[in-house]
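K.L.:
Below you'll find entry-v7.cif; it's mmCIF, C-alpha atoms and all ligand atoms.
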data_final
#
loop_
_atom_site.group_PDB
_atom_site.id
_atom_site.type_symbol
_atom_site.label_atom_id
_atom_site.label_comp_id
_atom_site.auth_asym_id
_atom_site.auth_seq_id
_atom_site.Cartn_x
_atom_site.Cartn_y
_atom_site.Cartn_z
ATOM 1 C CA MET A 1 20.746 13.082 4.891
ATOM 2 C CA LYS A 2 18.213 15.874 5.542
ATOM 3 C CA LEU A 3 16.389 15.314 2.248
ATOM 4 C CA PHE A 4 15.229 11.873 3.384
ATOM 5 C CA ASN A 5 14.833 12.645 7.067
ATOM 6 C CA LEU A 6 11.307 11.885 8.339
ATOM 7 C CA THR A 7 11.779 13.038 11.931
ATOM 8 C CA ASP A 8 8.598 14.731 13.239
ATOM 9 C CA LYS A 9 6.460 13.120 10.511
ATOM 10 C CA VAL A 10 3.474 10.926 11.362
ATOM 11 C CA ALA A 11 2.743 8.110 8.925
ATOM 12 C CA LEU A 12 -0.243 5.789 8.685
ATOM 13 C CA ILE A 13 0.079 2.506 6.810
ATOM 14 C CA THR A 14 -3.050 0.450 6.157
ATOM 15 C CA GLY A 15 -2.206 -3.243 6.144
ATOM 16 C CA GLY A 16 1.019 -2.275 7.908
ATOM 17 C CA ASN A 17 1.048 -5.436 10.022
ATOM 18 C CA GLY A 18 2.603 -7.707 7.390
ATOM 19 C CA GLY A 19 4.336 -8.089 4.035
ATOM 20 C CA ILE A 20 4.967 -4.942 2.005
ATOM 21 C CA GLY A 21 3.139 -2.610 4.411
ATOM 22 C CA PHE A 22 5.264 -3.729 7.341
ATOM 23 C CA ALA A 23 8.500 -3.362 5.348
ATOM 24 C CA MET A 24 7.478 0.181 4.399
ATOM 25 C CA ALA A 25 6.563 0.973 8.020
ATOM 26 C CA LYS A 26 9.984 -0.267 9.123
ATOM 27 C CA ALA A 27 11.848 1.812 6.514
ATOM 28 C CA ILE A 28 10.044 5.087 7.147
ATOM 29 C CA GLY A 29 10.199 4.473 10.904
ATOM 30 C CA GLU A 30 13.959 3.974 10.677
ATOM 31 C CA ALA A 31 14.104 7.285 8.720
ATOM 32 C CA GLY A 32 12.616 8.936 11.817
ATOM 33 C CA ALA A 33 8.841 8.924 11.313
ATOM 34 C CA THR A 34 6.310 7.874 13.916
ATOM 35 C CA VAL A 35 4.379 5.050 12.297
ATOM 36 C CA VAL A 36 0.840 3.849 12.874
ATOM 37 C CA ILE A 37 0.124 0.438 11.414
ATOM 38 C CA ALA A 38 -3.505 -0.504 10.866
ATOM 39 C CA GLY A 39 -5.000 -3.891 10.102
ATOM 40 C CA ARG A 40 -7.864 -6.162 11.133
ATOM 41 C CA ASN A 41 -5.822 -8.807 12.892
ATOM 42 C CA GLU A 42 -4.915 -7.841 16.458
ATOM 43 C CA ASP A 43 -2.257 -10.572 16.850
ATOM 44 C CA LYS A 44 -0.458 -9.496 13.677
ATOM 45 C CA ASN A 45 -0.638 -5.873 14.836
ATOM 46 C CA LYS A 46 0.907 -6.824 18.196
ATOM 47 C CA LYS A 47 3.706 -8.864 16.656
ATOM 48 C CA SER A 48 4.589 -6.067 14.234
ATOM 49 C CA ILE A 49 4.689 -3.505 17.035
ATOM 50 C CA GLU A 50 7.069 -5.743 19.009
ATOM 51 C CA GLU A 51 9.406 -5.900 16.022
ATOM 52 C CA LEU A 52 9.209 -2.144 15.407
ATOM 53 C CA ASN A 53 9.891 -1.485 19.103
ATOM 54 C CA SER A 54 12.988 -3.663 18.905
ATOM 55 C CA LEU A 55 14.222 -1.338 16.126
ATOM 56 C CA ASN A 56 13.474 1.738 18.260
ATOM 57 C CA VAL A 57 10.795 2.893 15.825
ATOM 58 C CA LYS A 58 8.139 5.137 17.413
ATOM 59 C CA CYS A 59 4.960 3.240 16.644
ATOM 60 C CA LYS A 60 1.407 2.307 17.462
ATOM 61 C CA SER A 61 -1.148 -0.079 15.987
ATOM 62 C CA LEU A 62 -4.837 0.511 15.418
ATOM 63 C CA ILE A 63 -7.610 -1.754 14.203
ATOM 64 C CA VAL A 64 -9.315 -0.949 10.902
ATOM 65 C CA ASP A 65 -11.450 -2.715 8.354
ATOM 66 C CA VAL A 66 -10.790 -0.684 5.221
ATOM 67 C CA VAL A 67 -13.965 -1.844 3.473
ATOM 68 C CA ASN A 68 -15.947 0.070 6.090
ATOM 69 C CA GLU A 69 -16.049 3.835 5.493
ATOM 70 C CA ASN A 70 -16.752 4.643 9.166
ATOM 71 C CA SER A 71 -13.817 2.500 10.240
ATOM 72 C CA CYS A 72 -11.494 4.377 7.809
ATOM 73 C CA ASN A 73 -12.765 7.777 8.956
ATOM 74 C CA GLN A 74 -12.366 6.783 12.602
ATOM 75 C CA LEU A 75 -8.837 5.544 11.960
ATOM 76 C CA ILE A 76 -7.706 8.853 10.456
ATOM 77 C CA GLU A 77 -9.401 10.845 13.247
ATOM 78 C CA ASP A 78 -7.758 8.631 15.896
ATOM 79 C CA VAL A 79 -4.295 9.185 14.426
ATOM 80 C CA VAL A 80 -4.793 12.963 14.376
ATOM 81 C CA GLN A 81 -6.262 12.876 17.893
ATOM 82 C CA ILE A 82 -3.290 10.919 19.249
ATOM 83 C CA TYR A 83 -0.437 12.680 17.417
ATOM 84 C CA GLY A 84 -1.979 16.046 16.503
ATOM 85 C CA LYS A 85 -1.404 15.582 12.774
ATOM 86 C CA LEU A 86 -0.966 13.217 9.866
ATOM 87 C CA ASN A 87 1.787 13.720 7.266
ATOM 88 C CA ILE A 88 1.963 10.464 5.294
ATOM 89 C CA LEU A 89 -0.740 7.989 4.270
ATOM 90 C CA ILE A 90 0.176 4.679 2.665
ATOM 91 C CA ASN A 91 -2.857 2.924 1.179
ATOM 92 C CA ASN A 92 -1.464 -0.589 1.183
ATOM 93 C CA ALA A 93 -4.210 -2.946 2.471
ATOM 94 C CA GLY A 94 -5.093 -5.357 -0.299
ATOM 95 C CA THR A 95 -6.491 -8.743 -1.147
ATOM 96 C CA ASN A 96 -7.178 -11.110 -4.018
ATOM 97 C CA ILE A 97 -9.352 -14.079 -4.926
ATOM 98 C CA ARG A 98 -8.075 -16.019 -7.930
ATOM 99 C CA LYS A 99 -10.741 -17.281 -10.325
ATOM 100 C CA ARG A 100 -11.668 -17.161 -13.981
ATOM 101 C CA PRO A 101 -13.903 -14.101 -14.639
ATOM 102 C CA GLU A 102 -17.043 -16.180 -15.223
ATOM 103 C CA GLU A 103 -16.602 -17.996 -11.895
ATOM 104 C CA TYR A 104 -16.800 -14.956 -9.581
ATOM 105 C CA GLU A 105 -19.853 -14.282 -7.459
ATOM 106 C CA LEU A 106 -20.527 -10.551 -7.700
ATOM 107 C CA LYS A 107 -20.018 -10.326 -3.925
ATOM 108 C CA GLU A 108 -16.484 -11.707 -4.243
ATOM 109 C CA TRP A 109 -15.650 -9.419 -7.167
ATOM 110 C CA THR A 110 -16.826 -6.272 -5.409
ATOM 111 C CA SER A 111 -15.103 -7.253 -2.153
ATOM 112 C CA ILE A 112 -11.764 -7.034 -3.989
ATOM 113 C CA ILE A 113 -12.645 -3.665 -5.550
ATOM 114 C CA ASP A 114 -13.767 -2.406 -2.121
ATOM 115 C CA THR A 115 -10.598 -3.532 -0.345
ATOM 116 C CA ASN A 116 -8.057 -2.436 -2.950
ATOM 117 C CA LEU A 117 -9.625 0.586 -4.653
ATOM 118 C CA VAL A 118 -12.572 2.055 -2.738
ATOM 119 C CA SER A 119 -10.577 2.054 0.525
ATOM 120 C CA THR A 120 -7.801 4.025 -1.181
ATOM 121 C CA PHE A 121 -10.347 6.707 -2.021
ATOM 122 C CA THR A 122 -12.014 6.616 1.409
ATOM 123 C CA CYS A 123 -8.787 6.927 3.412
ATOM 124 C CA SER A 124 -7.373 9.585 1.067
ATOM 125 C CA LYS A 125 -10.574 11.619 1.332
ATOM 126 C CA ALA A 126 -10.514 11.375 5.132
ATOM 127 C CA ALA A 127 -6.836 12.396 5.233
ATOM 128 C CA PHE A 128 -7.271 15.342 2.852
ATOM 129 C CA LYS A 129 -8.729 17.824 5.318
ATOM 130 C CA HIS A 130 -5.871 17.217 7.763
ATOM 131 C CA PHE A 131 -3.260 17.590 5.031
ATOM 132 C CA LYS A 132 -4.936 20.802 3.885
ATOM 133 C CA CYS A 133 -4.746 22.192 7.433
ATOM 134 C CA ILE A 134 -0.938 21.893 7.426
ATOM 135 C CA ASN A 135 -0.580 22.657 3.694
ATOM 136 C CA SER A 136 1.315 19.454 2.977
ATOM 137 C CA GLY A 137 0.810 15.720 2.655
ATOM 138 C CA LYS A 138 2.109 12.560 1.047
ATOM 139 C CA ILE A 139 -0.095 9.738 -0.201
ATOM 140 C CA ILE A 140 1.425 6.498 -1.475
ATOM 141 C CA ASN A 141 -0.982 4.072 -3.126
ATOM 142 C CA ILE A 142 0.028 0.488 -3.747
ATOM 143 C CA GLY A 143 -0.713 -0.707 -7.262
ATOM 144 C CA SER A 144 0.704 -3.822 -8.877
ATOM 145 C CA MET A 145 2.058 -5.260 -12.107
ATOM 146 C CA HIS A 146 -1.651 -5.867 -12.662
ATOM 147 C CA SER A 147 -2.112 -2.092 -12.835
ATOM 148 C CA LEU A 148 -0.376 -2.611 -16.201
ATOM 149 C CA PHE A 149 -1.279 -6.151 -17.257
ATOM 150 C CA GLY A 150 -4.496 -8.162 -17.221
ATOM 151 C CA ALA A 151 -4.543 -11.221 -14.959
ATOM 152 C CA PRO A 152 -6.419 -14.250 -16.363
ATOM 153 C CA LEU A 153 -7.291 -15.339 -12.800
ATOM 154 C CA GLY A 154 -7.581 -11.826 -11.365
ATOM 155 C CA SER A 155 -10.051 -9.661 -13.272
ATOM 156 C CA ALA A 156 -11.198 -7.882 -10.101
ATOM 157 C CA TYR A 157 -7.624 -7.486 -8.836
ATOM 158 C CA SER A 158 -6.455 -6.024 -12.172
ATOM 159 C CA ALA A 159 -9.469 -3.709 -12.380
ATOM 160 C CA SER A 160 -8.858 -2.505 -8.824
ATOM 161 C CA LYS A 161 -5.133 -1.947 -9.327
ATOM 162 C CA GLY A 162 -5.623 -0.236 -12.692
ATOM 163 C CA GLY A 163 -8.131 1.976 -10.901
ATOM 164 C CA VAL A 164 -5.607 2.762 -8.176
ATOM 165 C CA VAL A 165 -3.293 4.289 -10.789
ATOM 166 C CA GLN A 166 -6.023 6.441 -12.357
ATOM 167 C CA LEU A 167 -7.259 7.492 -8.911
ATOM 168 C CA THR A 168 -3.669 8.424 -8.013
ATOM 169 C CA LYS A 169 -3.407 10.684 -11.067
ATOM 170 C CA SER A 170 -6.767 12.330 -10.343
ATOM 171 C CA LEU A 171 -5.999 13.030 -6.674
ATOM 172 C CA ALA A 172 -2.507 14.268 -7.592
ATOM 173 C CA ASN A 173 -3.971 16.625 -10.141
ATOM 174 C CA THR A 174 -6.620 18.035 -7.806
ATOM 175 C CA TRP A 175 -4.554 18.334 -4.653
ATOM 176 C CA ALA A 176 -1.201 19.539 -6.062
ATOM 177 C CA LYS A 177 -2.116 23.139 -5.209
ATOM 178 C CA ASP A 178 -2.539 22.107 -1.570
ATOM 179 C CA ASN A 179 1.041 20.786 -1.647
ATOM 180 C CA ILE A 180 -0.125 17.188 -1.416
ATOM 181 C CA GLN A 181 1.825 14.679 -3.507
ATOM 182 C CA VAL A 182 0.018 11.500 -4.489
ATOM 183 C CA ASN A 183 1.972 8.663 -6.087
ATOM 184 C CA ALA A 184 1.530 4.967 -6.767
ATOM 185 C CA VAL A 185 4.083 2.208 -6.336
ATOM 186 C CA LEU A 186 3.760 -0.873 -8.513
ATOM 187 C CA PRO A 187 5.508 -3.793 -6.802
ATOM 188 C CA GLY A 188 6.640 -6.695 -8.929
ATOM 189 C CA TYR A 189 6.337 -10.209 -7.549
ATOM 190 C CA ILE A 190 7.177 -9.977 -3.849
ATOM 191 C CA ASP A 191 7.427 -12.888 -1.418
ATOM 192 C CA THR A 192 4.512 -12.301 1.011
ATOM 193 C CA THR A 193 1.478 -14.166 2.381
ATOM 194 C CA LEU A 194 -0.507 -12.939 -0.625
ATOM 195 C CA THR A 195 1.834 -14.425 -3.215
ATOM 196 C CA ARG A 196 2.565 -17.548 -1.180
ATOM 197 C CA GLN A 197 -1.083 -18.444 -1.783
ATOM 198 C CA ALA A 198 -0.746 -17.445 -5.452
ATOM 199 C CA ARG A 199 2.081 -19.954 -5.809
ATOM 200 C CA VAL A 200 -0.172 -22.643 -4.370
ATOM 201 C CA ASP A 201 -2.979 -21.694 -6.782
ATOM 202 C CA ILE A 202 -0.596 -21.392 -9.774
ATOM 203 C CA PRO A 203 2.285 -23.863 -9.267
ATOM 204 C CA GLU A 204 4.334 -22.651 -12.275
ATOM 205 C CA LEU A 205 4.303 -19.029 -11.015
ATOM 206 C CA GLN A 206 7.514 -19.277 -8.974
ATOM 207 C CA LYS A 207 9.646 -20.247 -11.978
ATOM 208 C CA ARG A 208 7.783 -18.061 -14.486
ATOM 209 C CA VAL A 209 8.497 -14.913 -12.421
ATOM 210 C CA GLU A 210 12.175 -15.820 -11.909
ATOM 211 C CA GLU A 211 12.619 -16.320 -15.646
ATOM 212 C CA ARG A 212 10.893 -13.079 -16.694
ATOM 213 C CA THR A 213 12.417 -10.827 -14.030
ATOM 214 C CA PRO A 214 15.741 -9.392 -15.289
ATOM 215 C CA ALA A 215 16.972 -9.264 -11.675
ATOM 216 C CA GLY A 216 16.475 -13.045 -11.686
ATOM 217 C CA ARG A 217 14.637 -13.305 -8.395
ATOM 218 C CA TRP A 218 11.399 -12.605 -6.557
ATOM 219 C CA GLY A 219 11.312 -9.380 -4.575
ATOM 220 C CA ASP A 220 11.660 -9.224 -0.814
ATOM 221 C CA PRO A 221 9.255 -6.878 1.052
ATOM 222 C CA ASP A 222 12.326 -4.857 2.157
ATOM 223 C CA ASP A 223 12.938 -4.032 -1.518
ATOM 224 C CA LEU A 224 10.011 -1.589 -1.142
ATOM 225 C CA GLY A 225 11.571 0.335 1.745
ATOM 226 C CA GLY A 226 13.572 2.813 -0.328
ATOM 227 C CA ILE A 227 10.700 3.958 -2.517
ATOM 228 C CA ALA A 228 8.517 4.417 0.582
ATOM 229 C CA VAL A 229 11.121 6.704 2.181
ATOM 230 C CA PHE A 230 11.622 8.661 -1.064
ATOM 231 C CA LEU A 231 7.903 9.226 -1.682
ATOM 232 C CA SER A 232 7.336 10.148 1.999
ATOM 233 C CA SER A 233 10.151 12.673 2.126
ATOM 234 C CA ASP A 234 11.011 16.157 0.878
ATOM 235 C CA ALA A 235 13.110 14.461 -1.794
ATOM 236 C CA SER A 236 9.878 13.856 -3.738
ATOM 237 C CA ASN A 237 8.217 17.253 -3.285
ATOM 238 C CA TYR A 238 8.050 17.817 -7.083
ATOM 239 C CA VAL A 239 7.027 14.214 -7.869
ATOM 240 C CA THR A 240 3.304 13.625 -8.127
ATOM 241 C CA GLY A 241 0.840 11.464 -10.067
ATOM 242 C CA THR A 242 3.452 8.858 -10.951
ATOM 243 C CA ALA A 243 3.196 5.066 -10.888
ATOM 244 C CA ILE A 244 6.656 3.716 -10.144
ATOM 245 C CA PRO A 245 7.408 0.028 -10.745
ATOM 246 C CA VAL A 246 9.634 -1.646 -8.145
ATOM 247 C CA ASP A 247 9.876 -4.944 -9.917
ATOM 248 C CA GLY A 248 13.458 -5.976 -10.684
ATOM 249 C CA GLY A 249 12.680 -5.042 -14.298
ATOM 250 C CA TYR A 250 9.702 -7.397 -14.745
ATOM 251 C CA SER A 251 7.558 -4.790 -16.514
ATOM 252 C CA ILE A 252 10.195 -3.795 -19.068
ATOM 253 C CA ASN A 253 10.909 -7.340 -20.196
ATOM 254 C CA GLY A 254 8.608 -7.862 -23.195
HETATM 255 P P1 LIG B 301 -0.194 -9.426 2.770
HETATM 256 O O1 LIG B 301 -1.286 -10.418 2.629
HETATM 257 O O2 LIG B 301 1.027 -9.784 3.503
HETATM 258 O O3 LIG B 301 -0.757 -8.072 3.375
HETATM 259 C C1 LIG B 301 -2.028 -7.599 3.134
HETATM 260 C C2 LIG B 301 -2.348 -6.613 4.227
HETATM 261 O O4 LIG B 301 -3.620 -6.022 3.968
HETATM 262 C C3 LIG B 301 -2.416 -7.272 5.591
HETATM 263 O O5 LIG B 301 -1.662 -6.489 6.485
HETATM 264 C C4 LIG B 301 -3.899 -7.241 5.952
HETATM 265 O O6 LIG B 301 -4.069 -7.027 7.340
HETATM 266 C C5 LIG B 301 -4.365 -6.024 5.166
HETATM 267 N N1 LIG B 301 -5.801 -6.062 4.841
HETATM 268 C C6 LIG B 301 -6.427 -6.842 3.929
HETATM 269 N N2 LIG B 301 -7.751 -6.598 3.946
HETATM 270 C C7 LIG B 301 -7.955 -5.639 4.885
HETATM 271 C C8 LIG B 301 -9.096 -4.966 5.385
HETATM 272 N N3 LIG B 301 -10.324 -5.215 4.905
HETATM 273 N N4 LIG B 301 -8.946 -4.033 6.341
HETATM 274 C C9 LIG B 301 -7.711 -3.767 6.840
HETATM 275 N N5 LIG B 301 -6.578 -4.364 6.420
HETATM 276 C C10 LIG B 301 -6.711 -5.294 5.455
HETATM 277 O O7 LIG B 301 0.144 -9.032 1.260
HETATM 278 P P2 LIG B 301 1.180 -8.036 0.593
HETATM 279 O O8 LIG B 301 2.077 -7.434 1.577
HETATM 280 O O9 LIG B 301 1.719 -8.764 -0.557
HETATM 281 O O10 LIG B 301 0.181 -6.938 0.020
HETATM 282 C C11 LIG B 301 0.236 -5.570 0.365
HETATM 283 C C12 LIG B 301 -0.218 -4.753 -0.840
HETATM 284 O O11 LIG B 301 0.708 -4.932 -1.908
HETATM 285 C C13 LIG B 301 -1.582 -5.159 -1.386
HETATM 286 O O12 LIG B 301 -2.277 -3.996 -1.799
HETATM 287 C C14 LIG B 301 -1.223 -5.998 -2.600
HETATM 288 O O13 LIG B 301 -2.230 -6.002 -3.551
HETATM 289 C C15 LIG B 301 0.013 -5.269 -3.082
HETATM 290 N N6 LIG B 301 0.887 -6.016 -3.962
HETATM 291 C C16 LIG B 301 1.535 -7.147 -3.549
HETATM 292 C C17 LIG B 301 2.386 -7.785 -4.418
HETATM 293 C C18 LIG B 301 3.152 -8.988 -4.032
HETATM 294 O O14 LIG B 301 3.815 -9.573 -4.912
HETATM 295 N N7 LIG B 301 3.130 -9.431 -2.802
HETATM 296 C C19 LIG B 301 2.590 -7.322 -5.784
HETATM 297 C C20 LIG B 301 1.869 -6.135 -6.101
HETATM 298 C C21 LIG B 301 1.056 -5.520 -5.223
HETATM 299 P P3 LIG B 301 -5.027 -8.001 8.235
HETATM 300 O O15 LIG B 301 -4.529 -9.388 7.996
HETATM 301 O O16 LIG B 301 -4.848 -7.525 9.638
HETATM 302 O O17 LIG B 301 -6.398 -7.756 7.726
#
How does the structure come out when it is put into structure tokens?
P.N.:
Amino acid sequence: MKLFNLTDKVALITGGNGGIGFAMAKAIGEAGATVVIAGRNEDKNKKSIEELNSLNVKCKSLIVDVVNENSCNQLIEDVVQIYGKLNILINNAGTNIRKRPEEYELKEWTSIIDTNLVSTFTCSKAAFKHFKCINSGKIINIGSMHSLFGAPLGSAYSASKGGVVQLTKSLANTWAKDNIQVNAVLPGYIDTTLTRQARVDIPELQKRVEERTPAGRWGDPDDLGGIAVFLSSDASNYVTGTAIPVDGGYSING
């Protein structure tokens, strides 16, 4: 269907070498986009590219450390240098350290804010001038259920993901006139490396999520593919500043 066709689009996905980012890269690549996945880990980048190649997705990987502003700026410039443009930016790279609030070293706390929130601003700012040049752009920011709820063992994570939603609304508001749509996706509990560790740290989490989620199961990274295609495509040209839960109903179950 033309509405969801991403042929000729160039997409950059930070943290695209695993979990949710990789699933989104796969989905928008299969919808026709050229995808650039960016992460720190060269081996993970390589493995992801092999899998994308096997699906005939046009793709490339680049190295980035999103906590470093120069590295983010360089990444965006490299993509535009290689492909001549950037159409879609998915700010997905993220991390967490689980502790009670009073146990964090400030360095740990700010490292989470830097990875999850500051990088979203830095990459979006770097992408803006290229979007403005072509009078269009799509930014998808990855929030969380903790954009909505406070996490007893994740004060920095919740603060960062709450911030991602407010940043999304601000960028959407400012850049709408440049035909740039900025939206957030709030994944529920998805089975990835990040949450595998969470289930080690919090043994009851597996069952607690199954019981609260109306869909009755944890999410699979591929459950995020559809929303990524929608928010990357012309189908969402009048959708901006939203924060869309993809959570099997977790957030509406009081
Ligand atoms: P993963 O741990 O599988 O993926 C995290 C990704 O972020 C990796 O690709 C990693 O790449 C990248 N990354 C982390 N730090 C940096 C950095 N400094 N520079 C560059 N890349 C970095 O976890 P998920 O797929 O679960 O997480 C993806 C996003 O989804 C995160 O923002 C997370 O907060 C969010 N999320 C996840 C949920 C879940 O249930 N899984 C729920 C809600 C939100 P590399 O290893 O190469 O550094």
K.L.:
With distances taken over all atoms listed in the file, which residue among A:Ser136, A:Asn41, A:Ser119, A:Thr34 lies nearest Lys177 (chain A)?
P.N.:
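Closest to Lys177 (chain A), using all atoms listed in the file: A:Ser136.
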K.L.:
Within 6 Å of ligand LIG 301 (chain B), counting all atoms listed in the file: which residues, as number ranges by chain?
P.N.:
A: 14-21, 39-41, 64-67, 92-95, 115, 142-144, 187-195
K.L.:
Neighbouring residues of Asn135 (chain A) were defined as those with any atom within 10 Å, considering only C-alpha atoms; residues of the same chain fewer than 4 positions away were excluded. Please report them as number ranges by chain.
P.N.:
A: 87, 128-131, 177-180
K.L.:
Give the answer as one residue: which of A:Phe230, A:Asn5, A:Val239, A:Asn73 has the shortest atom-to-atom distance to Asn173 (chain A), using all atoms listed in the file?
P.N.:
A:Val239
K.L.:
With all atoms listed in the file as the basis for distance, which of A:Thr7, A:Asn96, A:Ser155, A:Gln181 is at the shortest distance from Lys58 (chain A)?
P.N.:
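Of A:Thr7, A:Asn96, A:Ser155, A:Gln181, the one nearest Lys58 (chain A), counting all atoms listed in the file, is A:Thr7.
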K.L.:
Do a neighbour search on Glu42 (chain A) at 9 Å with all atoms listed in the file, toss out local chain neighbours closer than 5 positions, and write the hits as a ChimeraX atom specification.
P.N.:
/A:47,61-63
K.L.:
Could you list the residues chosen by the PyMOL selection byres (((chain A and resi 250-253) around 10) and not hetatm) in this structure as an MDAnalysis selection string?
P.N.:
chainID A and resid 145 148:149 186:189 209:218 245:249 254
K.L.:
Closest to Cys133 (chain A) among A:Leu86, A:Leu153, A:Val36, A:Ala25, using only C-alpha atoms?
P.N.:
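Nearest to Cys133 (chain A): A:Leu86.
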K.L.:
If we draw a sphere of 8 Å around (-9.9, -14.4, -4.8), which residues have at least one atom in it when counting all atoms listed in the file? Please report them as a VMD selection string.
P.N.:
chain A and resid 95 to 99 108 to 109 112 154
K.L.:
If the PyMOL selection byres (((chain A and resi 83) around 12) and not hetatm) were run on this exact file, what residues would it hold? Put them as a compact mmCIF listing (two decimals) with C-alpha atoms, keeping the file's coordinate frame.
P.N.:
# COMPACT_ATOMS: atom_id res chain seq x y z
CA ASP A 8 8.60 14.73 13.24
CA LYS A 9 6.46 13.12 10.51
CA VAL A 10 3.47 10.93 11.36
CA ALA A 11 2.74 8.11 8.93
CA LEU A 12 -0.24 5.79 8.68
CA ALA A 33 8.84 8.92 11.31
CA THR A 34 6.31 7.87 13.92
CA VAL A 35 4.38 5.05 12.30
CA VAL A 36 0.84 3.85 12.87
CA LYS A 58 8.14 5.14 17.41
CA CYS A 59 4.96 3.24 16.64
CA LYS A 60 1.41 2.31 17.46
CA ILE A 76 -7.71 8.85 10.46
CA GLU A 77 -9.40 10.84 13.25
CA ASP A 78 -7.76 8.63 15.90
CA VAL A 79 -4.30 9.18 14.43
CA VAL A 80 -4.79 12.96 14.38
CA GLN A 81 -6.26 12.88 17.89
CA ILE A 82 -3.29 10.92 19.25
CA GLY A 84 -1.98 16.05 16.50
CA LYS A 85 -1.40 15.58 12.77
CA LEU A 86 -0.97 13.22 9.87
CA ASN A 87 1.79 13.72 7.27
CA HIS A 130 -5.87 17.22 7.76
K.L.:
At what distance in Å, to one decimal, does CA of Thr242 (chain A) lie from CA of Ala23 (chain A)?
P.N.:
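So the two atoms, CA of Ala23 (chain A) and CA of Thr242 (chain A), lie 21.0 Å apart.
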K.L.:
Which is closer to His146 (chain A) than all the others in A:Ala235, A:Ala172, A:Lys132, A:Val185, using all atoms listed in the file?
P.N.:
A:Val185
K.L.:
Rounded to one decimal, what separation in Å do you get between CA of Met24 (chain A) and CA of Leu6 (chain A)?
P.N.:
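CA of Leu6 (chain A) lies at a distance of 12.9 Å from CA of Met24 (chain A).
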K.L.:
Figure out the distance between CA of Thr168 (chain A) and CA of Ala184 (chain A), please, to one decimal in Å.
P.N.:
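These atoms are spaced 6.4 Å apart.
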K.L.:
Sort by chain and increasing residue number a table of all residues of region 72-168 of chain A within 12 Å of region 222-229 of chain A, each with its closest pair of atoms and their distance in Å to one decimal, counting all atoms listed in the file, and write it as CSV.
P.N.:
residue,atom,partner,partner_atom,distance
A:Ile88,CA,A:Ala228,CA,10.1
A:Leu89,CA,A:Ala228,CA,10.6
A:Ile90,CA,A:Ala228,CA,8.6
A:Asn91,CA,A:Ala228,CA,11.5
A:Asn92,CA,A:Ala228,CA,11.2
A:Lys138,CA,A:Ala228,CA,10.4
A:Ile139,CA,A:Ala228,CA,10.2
A:Ile140,CA,A:Ala228,CA,7.7
A:Asn141,CA,A:Ala228,CA,10.2
A:Ile142,CA,A:Ala228,CA,10.3
K.L.:
From the set A:Leu3, A:Ala243, A:Asn70, A:Ile28, which residue has the shortest atom-to-atom contact distance to Lys169 (chain A), counting all atoms listed in the file?
P.N.:
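Of A:Leu3, A:Ala243, A:Asn70, A:Ile28, the one nearest Lys169 (chain A) is A:Ala243, counting all atoms listed in the file.
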